[in-house]
Amino acid sequence: MSLLKAENIHKSYGKEEVLKGVSLELERGETMVVIGPSGTGKSTFLRCINQLTPPEKGRVWLDGVEVTHPKCNIDKLRAQMGFVFQDFNLFSHLTTLRNVSIGPMKVKGMRKEDARKLAMEELERVGLNDKMDAYPAQLSGGQQQRVSIARALAMEPKLILFDEPTSALDPELIGEVLEVMIKLAKDGMTMLVVTHEMGFARAVADEIVFMEHGVIVEQGSPQQMFSAPKHPRTGEFLNKITELYGETA
Amino acid sequence: MLLRATLINIELLFTLLLLGLLLGTIVALLQVYGGRFAGTLAAGYAWVFRSIPALVLLFLFYFGPSQFGVNIPPLVAATLALGIRSSAYQSQIFRGAIQAIPQGQMMAARSLGMSRLQAIVTIIIPQAIRLSLAGWSNEFSSVVKDTTLAYVVGLNEVLRHARIIMDRHYELAMLAYLAVAVIFLVLTYSGNRSLSWLERRLRIPGLQMKGGTQNT
Amino acid sequence: MAFDLAWLPQLTQGLVLTLQITTACIAMGIVLGILLALGRVYGNRLISTPCSIYIQILRGTPLLVQLLMVYYGLPSWGIYPSAFISGVLALGLNTGAYQAEYLRGAIQAVNPGQLMAARAIGMSLPQAIRYIVLPQAFRIVIPAWSNELILMVKYSSIVFSITLLDLMGVGKRIAARNFRYFEVFVVVALFYLALVFIISQLLRMLEQRVRIPGLGEQAEQR
């Protein structure tokens, strides 16, 4: 049974249909990267998975439990799915350490000292334990994003959803975040990543999905997608992006 | 009968707002452009008259002079007291607006050869007026309701009449006050609508206070 | 022109009453304000509309009218509140409405991404409001809230009209008895000025103490 399964997701904003029936399956330990032109619904799709934006039609299952079921405990399910935002969304009024420990404490009911210890471990994992007592506004963008990954990790999730994690960062800061993500992938975390970073995709993705205009155009292994794409649009897009962004990592 | 008394409130309202506007503008300009002495004086004036309760001012202006043999009619006393108070608030609104205008505007005006006075009149003030409208609308709402305070100096305004009704027909007390409340709801509402209309008519695209418009 | 220093103790007593009334009504206002603001922002139609109507009515009608309604109006319906209770009640209901609006603005000023992130790690809506949104909203609302506190100190003076002997009430009584309105009220004015000044300074200190770098002003990311 796949860890994450999305079936026929439809989402409209007003009259405009942004997602026109997207389905995909993610296996445990797999790193799936979703690429495509901006505004084609990739981020919306991610939000439909953890119901931050509930879809109009379609169903989602996490490890066999239906997330889209009206009677499910959505908070409990969200606690099992990590989400990393493009704009980081760190809690501005809390220190770095508290940002990471508040989830385990308040949502999972962990004791304060245990949560603190866990938070320090996760911050160490992303290389930021020396910034424990700083406030988000005092950190650079790259540091904030790494903290936000630590925050997601502290919940010990089954998988992590990444919504264009590096798009809001200055170029020099992208590398440090990608490094953390690559390490996570290599350590076996199940990840669903929406990104423009082709180097990352080529290096760690087990599967690449190309989305455009609210539908999946093509998906396959990185080798196959890059060297022998089946759909013309896929090839076009990949060429343009690799030209624009060059090789990273 | 209550409605006729309301006219007194409205009369007081407009006179005091006018006084407040004139004085307030002068104080604001002094505070921003007046140099250290005048500026501090202006700031002090504004602080003092914003920090003293309206009622105290009303008493000072009405009962105070009578101690020295000068009798000031309630309407005049109320206009002076509330007008000066409003001028203090309005000066701060206007000052905030002036200071929100980027320095570059004044610099550009001067580099065209305008004198300071010219620049202030033709460039700064027109912009400041538009930026003040939101704050001014707030002040208007406040002041409308404050006109009822003149009741304590014996002005024959609407609240006093409600009291008279109450003295004659005790059971009607609540109703009388409810009626006054409704009258003021209407006044505040129509006042705000008119100001919104004015704001729309004067609006210039792109000219806005930082932080956008907060609706009251 | 003479001001009898013997009047000072009486005035000070009036000041104490003023402070008591102000504190009581502000406390009431805070609680009411929080409830109304939460109702307006997070409640469904059934809750948010009455809240909104209440706020508009209380803000659209004069405070003096509200006070007199409570003190003189209620008795005509059979309820007889004491002067002190009437004062605190009317002032509290009024400031609650204003505080609700300020808090609502502050809640809406908190970056919506904060709430999203809180829900994303599995916090329930009440948890997210309590631990993430409100702590930030409270810091954002401090300037408006300080303003309201000072305003209430000044407006508390209206309770003199329902026989309470606050600073204003005492002042009037002394002035009337001795026909020394000018001197007495200049001193009363000075009392209020001092009060406003001290409270402003205290509030400024409070704001500094709870300040968090990057919170409250337009938080710049990156």
# chains A, B, ... in the order shown; residues from 1 in each chain; ligands from 1

call {"tool": "interface_residues", "arguments": {"of": "chain B", "to": "chain C", "cutoff": "9 Å", "atoms": "only C-alpha atoms", "output": "ChimeraX atom specification"}}
result
/B:48,51-57,59-61,63-67,141-142,144-149,152,159,166,170-178,180-189,211,214-216

call {"tool": "write_last_selection", "arguments": {"atoms": "N, CA and C atoms", "output": "short mmCIF file (atom, residue, chain, number, x, y, z; two decimals), in the first residue's frame"}}
result
data_model
loop_
_atom_site.label_atom_id
_atom_site.label_comp_id
_atom_site.auth_asym_id
_atom_site.auth_seq_id
_atom_site.Cartn_x
_atom_site.Cartn_y
_atom_site.Cartn_z
N VAL B 48 -1.24 69.05 25.64
CA VAL B 48 -2.06 69.50 26.76
C VAL B 48 -3.55 69.36 26.47
N SER B 51 -4.84 65.87 26.42
CA SER B 51 -4.77 65.09 27.66
C SER B 51 -5.75 65.55 28.71
N ILE B 52 -6.33 66.71 28.53
CA ILE B 52 -7.33 67.17 29.50
C ILE B 52 -8.71 66.72 29.05
N PRO B 53 -9.48 66.14 29.97
CA PRO B 53 -10.81 65.67 29.57
C PRO B 53 -11.67 66.82 29.05
N ALA B 54 -12.52 66.49 28.09
CA ALA B 54 -13.38 67.50 27.49
C ALA B 54 -14.23 68.20 28.55
N LEU B 55 -14.69 67.42 29.52
CA LEU B 55 -15.55 68.00 30.54
C LEU B 55 -14.83 69.09 31.33
N VAL B 56 -13.59 68.83 31.64
CA VAL B 56 -12.83 69.83 32.40
C VAL B 56 -12.72 71.12 31.59
N LEU B 57 -12.43 70.95 30.30
CA LEU B 57 -12.34 72.13 29.44
C LEU B 57 -13.66 72.88 29.39
N PHE B 59 -16.00 73.01 31.63
CA PHE B 59 -16.21 73.73 32.88
C PHE B 59 -15.34 74.98 32.94
N LEU B 60 -14.09 74.82 32.54
CA LEU B 60 -13.17 75.96 32.58
C LEU B 60 -13.67 77.11 31.72
N PHE B 61 -14.17 76.77 30.54
CA PHE B 61 -14.58 77.83 29.64
C PHE B 61 -15.93 78.44 29.98
N PHE B 63 -17.75 78.04 33.34
CA PHE B 63 -17.84 78.56 34.70
C PHE B 63 -16.68 79.46 35.07
N GLY B 64 -15.54 79.16 34.49
CA GLY B 64 -14.33 79.92 34.82
C GLY B 64 -14.52 81.42 34.69
N PRO B 65 -14.84 81.88 33.46
CA PRO B 65 -14.98 83.32 33.25
C PRO B 65 -16.03 83.94 34.17
N SER B 66 -17.09 83.22 34.49
CA SER B 66 -18.14 83.82 35.30
C SER B 66 -17.60 84.22 36.66
N GLN B 67 -16.53 83.56 37.06
CA GLN B 67 -15.90 83.91 38.32
C GLN B 67 -15.33 85.32 38.27
N SER B 141 -16.38 61.37 13.84
CA SER B 141 -17.22 60.45 14.62
C SER B 141 -17.14 60.75 16.10
N SER B 142 -15.91 60.98 16.58
CA SER B 142 -15.72 61.29 18.00
C SER B 142 -16.48 62.54 18.39
N VAL B 144 -18.88 64.25 16.97
CA VAL B 144 -20.35 64.20 16.90
C VAL B 144 -20.90 63.78 18.26
N LYS B 145 -20.31 62.74 18.81
CA LYS B 145 -20.81 62.23 20.07
C LYS B 145 -20.45 63.14 21.24
N ASP B 146 -19.32 63.81 21.13
CA ASP B 146 -18.91 64.69 22.22
C ASP B 146 -19.78 65.91 22.38
N THR B 147 -20.56 66.25 21.35
CA THR B 147 -21.41 67.42 21.48
C THR B 147 -22.42 67.23 22.62
N THR B 148 -22.72 65.99 22.95
CA THR B 148 -23.67 65.78 24.04
C THR B 148 -23.08 66.19 25.38
N LEU B 149 -21.76 66.28 25.46
CA LEU B 149 -21.14 66.67 26.72
C LEU B 149 -21.52 68.09 27.10
N VAL B 152 -23.64 69.37 30.15
CA VAL B 152 -23.26 69.73 31.51
C VAL B 152 -23.09 71.23 31.71
N LEU B 159 -29.56 66.01 24.48
CA LEU B 159 -29.53 65.19 25.68
C LEU B 159 -30.25 65.88 26.82
N MET B 166 -37.50 63.07 30.73
CA MET B 166 -37.42 62.12 31.81
C MET B 166 -37.95 62.72 33.11
N TYR B 170 -41.34 59.97 33.95
CA TYR B 170 -40.26 59.09 34.33
C TYR B 170 -40.20 57.78 33.54
N GLU B 171 -41.42 57.24 33.24
CA GLU B 171 -41.43 55.95 32.55
C GLU B 171 -40.82 56.03 31.16
N LEU B 172 -40.80 57.23 30.60
CA LEU B 172 -40.30 57.35 29.25
C LEU B 172 -38.78 57.50 29.17
N ALA B 173 -38.14 57.47 30.34
CA ALA B 173 -36.70 57.73 30.37
C ALA B 173 -35.93 56.89 29.34
N MET B 174 -36.10 55.57 29.43
CA MET B 174 -35.34 54.69 28.55
C MET B 174 -35.64 55.00 27.09
N LEU B 175 -36.92 55.19 26.81
CA LEU B 175 -37.29 55.47 25.44
C LEU B 175 -36.65 56.75 24.93
N ALA B 176 -36.67 57.76 25.79
CA ALA B 176 -36.08 59.03 25.39
C ALA B 176 -34.62 58.85 25.03
N TYR B 177 -33.90 58.15 25.88
CA TYR B 177 -32.48 57.95 25.60
C TYR B 177 -32.26 57.09 24.38
N LEU B 178 -33.12 56.10 24.20
CA LEU B 178 -33.00 55.28 23.00
C LEU B 178 -33.19 56.14 21.76
N VAL B 180 -32.52 59.27 21.47
CA VAL B 180 -31.29 60.05 21.26
C VAL B 180 -30.23 59.17 20.62
N ALA B 181 -30.13 57.94 21.13
CA ALA B 181 -29.13 57.02 20.58
C ALA B 181 -29.35 56.83 19.09
N VAL B 182 -30.60 56.61 18.71
CA VAL B 182 -30.90 56.40 17.30
C VAL B 182 -30.53 57.64 16.48
N ILE B 183 -30.88 58.81 17.02
CA ILE B 183 -30.53 60.04 16.31
C ILE B 183 -29.05 60.08 16.02
N PHE B 184 -28.26 59.72 17.03
CA PHE B 184 -26.81 59.79 16.82
C PHE B 184 -26.30 58.72 15.88
N LEU B 185 -26.94 57.57 15.90
CA LEU B 185 -26.53 56.55 14.94
C LEU B 185 -26.72 57.08 13.53
N VAL B 186 -27.86 57.73 13.34
CA VAL B 186 -28.12 58.30 12.02
C VAL B 186 -27.07 59.36 11.68
N LEU B 187 -26.79 60.23 12.65
CA LEU B 187 -25.80 61.29 12.40
C LEU B 187 -24.44 60.72 12.05
N THR B 188 -23.99 59.76 12.86
CA THR B 188 -22.66 59.20 12.61
C THR B 188 -22.63 58.50 11.27
N TYR B 189 -23.68 57.76 10.99
CA TYR B 189 -23.71 57.02 9.74
C TYR B 189 -23.67 57.95 8.55
N GLY B 211 0.58 51.36 4.95
CA GLY B 211 -0.22 50.49 5.78
C GLY B 211 -1.65 50.41 5.30
N GLN B 214 -7.33 51.71 7.04
CA GLN B 214 -7.97 50.87 8.02
C GLN B 214 -9.38 51.36 8.19
N ASN B 215 -10.34 50.48 8.06
CA ASN B 215 -11.71 50.94 8.22
C ASN B 215 -12.06 51.04 9.68
N THR B 216 -12.75 52.08 10.05
CA THR B 216 -13.14 52.22 11.46
C THR B 216 -14.29 51.28 11.74
#

call {"tool": "interface_residues", "arguments": {"of": "chain A", "to": "chain C", "cutoff": "9 Å", "atoms": "only C-alpha atoms", "output": "PDB file with N, CA and C atoms, in the first residue's frame"}}
result
ATOM      1  N   ASN A  50      -2.943  18.181   2.347  1.00  0.00           N
ATOM      2  CA  ASN A  50      -3.173  18.269   3.797  1.00  0.00           C
ATOM      3  C   ASN A  50      -4.382  19.141   4.134  1.00  0.00           C
ATOM      4  N   GLN A  51      -5.220  19.342   3.129  1.00  0.00           N
ATOM      5  CA  GLN A  51      -6.508  19.997   3.339  1.00  0.00           C
ATOM      6  C   GLN A  51      -6.426  21.444   3.814  1.00  0.00           C
ATOM      7  N   LEU A  52      -5.276  22.065   3.648  1.00  0.00           N
ATOM      8  CA  LEU A  52      -5.230  23.509   3.947  1.00  0.00           C
ATOM      9  C   LEU A  52      -6.141  24.207   2.953  1.00  0.00           C
ATOM     10  N   ILE A  74      -8.644  15.731  11.216  1.00  0.00           N
ATOM     11  CA  ILE A  74      -7.683  16.339  10.305  1.00  0.00           C
ATOM     12  C   ILE A  74      -6.429  16.819  11.037  1.00  0.00           C
ATOM     13  N   ASP A  75      -6.596  17.271  12.279  1.00  0.00           N
ATOM     14  CA  ASP A  75      -5.425  17.762  13.005  1.00  0.00           C
ATOM     15  C   ASP A  75      -4.446  16.623  13.226  1.00  0.00           C
ATOM     16  N   LYS A  76      -4.978  15.469  13.596  1.00  0.00           N
ATOM     17  CA  LYS A  76      -4.115  14.324  13.846  1.00  0.00           C
ATOM     18  C   LYS A  76      -3.379  13.912  12.569  1.00  0.00           C
ATOM     19  N   LEU A  77      -4.107  13.941  11.449  1.00  0.00           N
ATOM     20  CA  LEU A  77      -3.474  13.557  10.193  1.00  0.00           C
ATOM     21  C   LEU A  77      -2.427  14.575   9.775  1.00  0.00           C
ATOM     22  N   ARG A  78      -2.738  15.851   9.982  1.00  0.00           N
ATOM     23  CA  ARG A  78      -1.763  16.871   9.597  1.00  0.00           C
ATOM     24  C   ARG A  78      -0.488  16.724  10.416  1.00  0.00           C
ATOM     25  N   ALA A  79      -0.637  16.266  11.661  1.00  0.00           N
ATOM     26  CA  ALA A  79       0.540  16.097  12.505  1.00  0.00           C
ATOM     27  C   ALA A  79       1.464  15.039  11.927  1.00  0.00           C
ATOM     28  N   GLN A  80       0.902  14.173  11.066  1.00  0.00           N
ATOM     29  CA  GLN A  80       1.734  13.133  10.465  1.00  0.00           C
ATOM     30  C   GLN A  80       2.322  13.543   9.134  1.00  0.00           C
ATOM     31  N   MET A  81       1.894  14.716   8.650  1.00  0.00           N
ATOM     32  CA  MET A  81       2.425  15.210   7.380  1.00  0.00           C
ATOM     33  C   MET A  81       3.161  16.518   7.640  1.00  0.00           C
ATOM     34  N   GLY A  82       4.415  16.590   7.297  1.00  0.00           N
ATOM     35  CA  GLY A  82       5.129  17.853   7.462  1.00  0.00           C
ATOM     36  C   GLY A  82       4.845  18.740   6.264  1.00  0.00           C
ATOM     37  N   PHE A  83       4.839  20.062   6.488  1.00  0.00           N
ATOM     38  CA  PHE A  83       4.623  20.981   5.369  1.00  0.00           C
ATOM     39  C   PHE A  83       5.630  22.108   5.461  1.00  0.00           C
ATOM     40  N   VAL A  84       6.376  22.313   4.406  1.00  0.00           N
ATOM     41  CA  VAL A  84       7.336  23.416   4.384  1.00  0.00           C
ATOM     42  C   VAL A  84       6.861  24.448   3.369  1.00  0.00           C
ATOM     43  N   PHE A  85       6.624  25.669   3.830  1.00  0.00           N
ATOM     44  CA  PHE A  85       6.045  26.723   2.996  1.00  0.00           C
ATOM     45  C   PHE A  85       7.097  27.512   2.232  1.00  0.00           C
ATOM     46  N   ASP A  87       7.051  30.687   1.967  1.00  0.00           N
ATOM     47  CA  ASP A  87       7.362  31.867   2.781  1.00  0.00           C
ATOM     48  C   ASP A  87       7.749  31.521   4.213  1.00  0.00           C
ATOM     49  N   PHE A  88       8.208  30.318   4.431  1.00  0.00           N
ATOM     50  CA  PHE A  88       8.663  29.814   5.733  1.00  0.00           C
ATOM     51  C   PHE A  88       7.547  29.809   6.794  1.00  0.00           C
ATOM     52  N   ASN A  89       6.899  30.969   7.012  1.00  0.00           N
ATOM     53  CA  ASN A  89       5.850  31.019   8.023  1.00  0.00           C
ATOM     54  C   ASN A  89       6.286  30.527   9.389  1.00  0.00           C
ATOM     55  N   LEU A  90       7.471  30.917   9.792  1.00  0.00           N
ATOM     56  CA  LEU A  90       7.882  30.624  11.165  1.00  0.00           C
ATOM     57  C   LEU A  90       7.062  31.498  12.095  1.00  0.00           C
ATOM     58  N   PHE A  91       6.795  31.003  13.306  1.00  0.00           N
ATOM     59  CA  PHE A  91       5.997  31.764  14.256  1.00  0.00           C
ATOM     60  C   PHE A  91       6.828  32.939  14.774  1.00  0.00           C
ATOM     61  N   SER A  92       6.418  34.141  14.344  1.00  0.00           N
ATOM     62  CA  SER A  92       7.259  35.321  14.582  1.00  0.00           C
ATOM     63  C   SER A  92       7.478  35.667  16.039  1.00  0.00           C
ATOM     64  N   HIS A  93       6.594  35.237  16.907  1.00  0.00           N
ATOM     65  CA  HIS A  93       6.719  35.668  18.302  1.00  0.00           C
ATOM     66  C   HIS A  93       7.481  34.656  19.151  1.00  0.00           C
ATOM     67  N   LEU A  94       7.985  33.584  18.505  1.00  0.00           N
ATOM     68  CA  LEU A  94       8.681  32.552  19.266  1.00  0.00           C
ATOM     69  C   LEU A  94      10.132  32.447  18.830  1.00  0.00           C
ATOM     70  N   ILE A 102       7.211  23.747  19.811  1.00  0.00           N
ATOM     71  CA  ILE A 102       5.811  23.969  20.152  1.00  0.00           C
ATOM     72  C   ILE A 102       4.892  22.909  19.572  1.00  0.00           C
ATOM     73  N   GLY A 103       5.230  22.406  18.387  1.00  0.00           N
ATOM     74  CA  GLY A 103       4.397  21.365  17.787  1.00  0.00           C
ATOM     75  C   GLY A 103       4.348  20.126  18.667  1.00  0.00           C
ATOM     76  N   LYS A 106       2.455  21.020  22.104  1.00  0.00           N
ATOM     77  CA  LYS A 106       1.021  21.309  22.159  1.00  0.00           C
ATOM     78  C   LYS A 106       0.185  20.317  21.371  1.00  0.00           C
ATOM     79  N   VAL A 107       0.753  19.813  20.282  1.00  0.00           N
ATOM     80  CA  VAL A 107      -0.059  18.917  19.467  1.00  0.00           C
ATOM     81  C   VAL A 107       0.095  17.475  19.916  1.00  0.00           C
ATOM     82  N   LYS A 108       1.345  17.097  20.249  1.00  0.00           N
ATOM     83  CA  LYS A 108       1.554  15.701  20.631  1.00  0.00           C
ATOM     84  C   LYS A 108       1.626  15.520  22.141  1.00  0.00           C
ATOM     85  N   TYR A 135      15.209  35.082  17.244  1.00  0.00           N
ATOM     86  CA  TYR A 135      13.860  35.189  16.714  1.00  0.00           C
ATOM     87  C   TYR A 135      13.918  35.134  15.191  1.00  0.00           C
ATOM     88  N   PRO A 136      12.846  34.646  14.567  1.00  0.00           N
ATOM     89  CA  PRO A 136      12.860  34.492  13.109  1.00  0.00           C
ATOM     90  C   PRO A 136      13.348  35.735  12.372  1.00  0.00           C
ATOM     91  N   ALA A 137      12.921  36.913  12.829  1.00  0.00           N
ATOM     92  CA  ALA A 137      13.302  38.119  12.097  1.00  0.00           C
ATOM     93  C   ALA A 137      14.810  38.355  12.123  1.00  0.00           C
ATOM     94  N   GLN A 138      15.497  37.689  13.036  1.00  0.00           N
ATOM     95  CA  GLN A 138      16.946  37.880  13.130  1.00  0.00           C
ATOM     96  C   GLN A 138      17.732  36.892  12.277  1.00  0.00           C
ATOM     97  N   LEU A 139      17.021  36.003  11.585  1.00  0.00           N
ATOM     98  CA  LEU A 139      17.699  35.005  10.761  1.00  0.00           C
ATOM     99  C   LEU A 139      17.602  35.348   9.287  1.00  0.00           C
ATOM    100  N   SER A 140      18.557  34.825   8.520  1.00  0.00           N
ATOM    101  CA  SER A 140      18.474  35.018   7.078  1.00  0.00           C
ATOM    102  C   SER A 140      17.385  34.097   6.531  1.00  0.00           C
ATOM    103  N   GLY A 141      17.025  34.324   5.267  1.00  0.00           N
ATOM    104  CA  GLY A 141      15.980  33.504   4.659  1.00  0.00           C
ATOM    105  C   GLY A 141      16.322  32.033   4.662  1.00  0.00           C
ATOM    106  N   GLY A 142      17.553  31.744   4.294  1.00  0.00           N
ATOM    107  CA  GLY A 142      17.959  30.343   4.241  1.00  0.00           C
ATOM    108  C   GLY A 142      17.894  29.695   5.619  1.00  0.00           C
ATOM    109  N   GLN A 144      15.938  30.658   8.082  1.00  0.00           N
ATOM    110  CA  GLN A 144      14.533  30.514   8.456  1.00  0.00           C
ATOM    111  C   GLN A 144      13.939  29.261   7.828  1.00  0.00           C
ATOM    112  N   ARG A 151      11.219  22.300  12.135  1.00  0.00           N
ATOM    113  CA  ARG A 151       9.912  22.316  12.762  1.00  0.00           C
ATOM    114  C   ARG A 151       9.052  21.164  12.257  1.00  0.00           C
ATOM    115  N   ALA A 152       9.137  20.929  10.939  1.00  0.00           N
ATOM    116  CA  ALA A 152       8.368  19.820  10.362  1.00  0.00           C
ATOM    117  C   ALA A 152       8.906  18.483  10.854  1.00  0.00           C
ATOM    118  N   MET A 155       7.989  16.876  14.329  1.00  0.00           N
ATOM    119  CA  MET A 155       6.710  16.177  14.491  1.00  0.00           C
ATOM    120  C   MET A 155       6.834  14.706  14.130  1.00  0.00           C
ATOM    121  N   ALA A 168      11.614  31.645  -2.536  1.00  0.00           N
ATOM    122  CA  ALA A 168      11.633  32.985  -1.936  1.00  0.00           C
ATOM    123  C   ALA A 168      13.015  33.366  -1.437  1.00  0.00           C
ATOM    124  N   LEU A 169      14.008  32.601  -1.797  1.00  0.00           N
ATOM    125  CA  LEU A 169      15.344  32.849  -1.246  1.00  0.00           C
ATOM    126  C   LEU A 169      16.277  33.521  -2.237  1.00  0.00           C
ATOM    127  N   ASP A 170      17.184  34.321  -1.680  1.00  0.00           N
ATOM    128  CA  ASP A 170      18.261  34.865  -2.509  1.00  0.00           C
ATOM    129  C   ASP A 170      19.129  33.705  -2.990  1.00  0.00           C
TER     130      ASP A 170
END

call {"tool": "residues_around", "arguments": {"residues": "Leu202 (chain B)", "least_positions_apart": "3", "cutoff": "12 Å", "atoms": "only C-alpha atoms", "output": "PDB file with N, CA and C atoms, in the first residue's frame"}}
result
ATOM      1  N   PRO B 126      -2.040  70.011  -0.415  1.00  0.00           N
ATOM      2  CA  PRO B 126      -3.019  69.201  -1.158  1.00  0.00           C
ATOM      3  C   PRO B 126      -2.870  67.713  -0.907  1.00  0.00           C
ATOM      4  N   GLN B 127      -1.639  67.248  -0.812  1.00  0.00           N
ATOM      5  CA  GLN B 127      -1.447  65.826  -0.540  1.00  0.00           C
ATOM      6  C   GLN B 127      -1.831  65.491   0.891  1.00  0.00           C
ATOM      7  N   ALA B 128      -1.454  66.368   1.795  1.00  0.00           N
ATOM      8  CA  ALA B 128      -1.736  66.112   3.213  1.00  0.00           C
ATOM      9  C   ALA B 128      -3.241  66.032   3.462  1.00  0.00           C
ATOM     10  N   ILE B 129      -3.984  66.859   2.744  1.00  0.00           N
ATOM     11  CA  ILE B 129      -5.435  66.833   2.920  1.00  0.00           C
ATOM     12  C   ILE B 129      -5.983  65.460   2.607  1.00  0.00           C
ATOM     13  N   ARG B 130      -5.545  64.897   1.484  1.00  0.00           N
ATOM     14  CA  ARG B 130      -6.062  63.588   1.117  1.00  0.00           C
ATOM     15  C   ARG B 130      -5.642  62.515   2.109  1.00  0.00           C
ATOM     16  N   LEU B 131      -4.407  62.607   2.575  1.00  0.00           N
ATOM     17  CA  LEU B 131      -3.941  61.604   3.517  1.00  0.00           C
ATOM     18  C   LEU B 131      -4.623  61.740   4.874  1.00  0.00           C
ATOM     19  N   SER B 132      -5.133  62.925   5.175  1.00  0.00           N
ATOM     20  CA  SER B 132      -5.765  63.147   6.483  1.00  0.00           C
ATOM     21  C   SER B 132      -7.173  62.626   6.560  1.00  0.00           C
ATOM     22  N   LEU B 133      -7.770  62.379   5.393  1.00  0.00           N
ATOM     23  CA  LEU B 133      -9.203  62.093   5.406  1.00  0.00           C
ATOM     24  C   LEU B 133      -9.598  60.944   6.318  1.00  0.00           C
ATOM     25  N   LEU B 195     -18.248  61.524   4.303  1.00  0.00           N
ATOM     26  CA  LEU B 195     -16.793  61.592   4.259  1.00  0.00           C
ATOM     27  C   LEU B 195     -16.214  60.571   3.292  1.00  0.00           C
ATOM     28  N   SER B 196     -16.815  59.394   3.233  1.00  0.00           N
ATOM     29  CA  SER B 196     -16.340  58.408   2.261  1.00  0.00           C
ATOM     30  C   SER B 196     -16.516  58.929   0.852  1.00  0.00           C
ATOM     31  N   TRP B 197     -17.648  59.569   0.632  1.00  0.00           N
ATOM     32  CA  TRP B 197     -17.912  60.144  -0.683  1.00  0.00           C
ATOM     33  C   TRP B 197     -16.845  61.177  -1.004  1.00  0.00           C
ATOM     34  N   LEU B 198     -16.555  62.026  -0.016  1.00  0.00           N
ATOM     35  CA  LEU B 198     -15.546  63.056  -0.213  1.00  0.00           C
ATOM     36  C   LEU B 198     -14.189  62.424  -0.517  1.00  0.00           C
ATOM     37  N   GLU B 199     -13.865  61.388   0.223  1.00  0.00           N
ATOM     38  CA  GLU B 199     -12.588  60.716   0.028  1.00  0.00           C
ATOM     39  C   GLU B 199     -12.488  60.155  -1.375  1.00  0.00           C
ATOM     40  N   PRO B 205      -4.986  58.085  -7.464  1.00  0.00           N
ATOM     41  CA  PRO B 205      -4.420  56.727  -7.441  1.00  0.00           C
ATOM     42  C   PRO B 205      -2.963  56.748  -7.009  1.00  0.00           C
ATOM     43  N   LEU B 207      -1.833  57.542  -4.089  1.00  0.00           N
ATOM     44  CA  LEU B 207      -1.557  58.399  -2.941  1.00  0.00           C
ATOM     45  C   LEU B 207      -2.261  57.821  -1.733  1.00  0.00           C
ATOM     46  N   GLN B 208      -1.467  57.214  -0.865  1.00  0.00           N
ATOM     47  CA  GLN B 208      -2.071  56.488   0.233  1.00  0.00           C
ATOM     48  C   GLN B 208      -1.140  56.505   1.417  1.00  0.00           C
TER      49      GLN B 208
END

call {"tool": "atom_distance", "arguments": {"atom1": "CA of Ala119 (chain A)", "atom2": "CA of Leu4 (chain A)"}}
result
26.2 Å

call {"tool": "select_by_dssp", "arguments": {"residues": "chain C", "states": "helix (DSSP H, G or I)", "output": "PyMOL selection string"}}
result
chain C and resi 7-42+45-60+63-77+83-109+112-120+125-162+167-178+181-209

call {"tool": "atom_distance", "arguments": {"atom1": "CA of Leu192 (chain A)", "atom2": "CA of Met32 (chain A)"}}
result
4.9 Å

call {"tool": "select_by_dssp", "arguments": {"residues": "region 190-246 of chain A", "states": "strand (DSSP E or B)", "output": "ChimeraX atom specification"}}
result
/A:190-194,207-212,215-220

call {"tool": "decode", "arguments": {"residues": "region 29-49 of chain A", "atoms": "C-alpha atoms", "output": "PDB file, in the first residue's frame"}}
result
ATOM      1  CA  GLY A  29      10.938   6.427   1.231  1.00  0.00           C
ATOM      2  CA  GLU A  30      10.311   7.839  -2.225  1.00  0.00           C
ATOM      3  CA  THR A  31      11.264  11.378  -3.215  1.00  0.00           C
ATOM      4  CA  MET A  32       8.884  12.760  -5.797  1.00  0.00           C
ATOM      5  CA  VAL A  33       9.494  16.110  -7.429  1.00  0.00           C
ATOM      6  CA  VAL A  34       6.728  18.056  -9.135  1.00  0.00           C
ATOM      7  CA  ILE A  35       7.749  20.570 -11.763  1.00  0.00           C
ATOM      8  CA  GLY A  36       5.887  22.807 -14.148  1.00  0.00           C
ATOM      9  CA  PRO A  37       5.220  26.403 -15.120  1.00  0.00           C
ATOM     10  CA  SER A  38       4.091  28.790 -12.393  1.00  0.00           C
ATOM     11  CA  GLY A  39       0.421  29.104 -11.714  1.00  0.00           C
ATOM     12  CA  THR A  40      -0.469  25.655 -12.966  1.00  0.00           C
ATOM     13  CA  GLY A  41      -1.754  24.458  -9.631  1.00  0.00           C
ATOM     14  CA  LYS A  42       1.268  22.680  -8.192  1.00  0.00           C
ATOM     15  CA  SER A  43       1.152  24.515  -4.868  1.00  0.00           C
ATOM     16  CA  THR A  44      -2.613  24.242  -4.748  1.00  0.00           C
ATOM     17  CA  PHE A  45      -2.284  20.516  -5.192  1.00  0.00           C
ATOM     18  CA  LEU A  46       0.062  20.240  -2.229  1.00  0.00           C
ATOM     19  CA  ARG A  47      -2.372  22.180  -0.086  1.00  0.00           C
ATOM     20  CA  CYS A  48      -5.175  19.898  -1.130  1.00  0.00           C
ATOM     21  CA  ILE A  49      -3.242  16.988   0.242  1.00  0.00           C
TER      22      ILE A  49
END
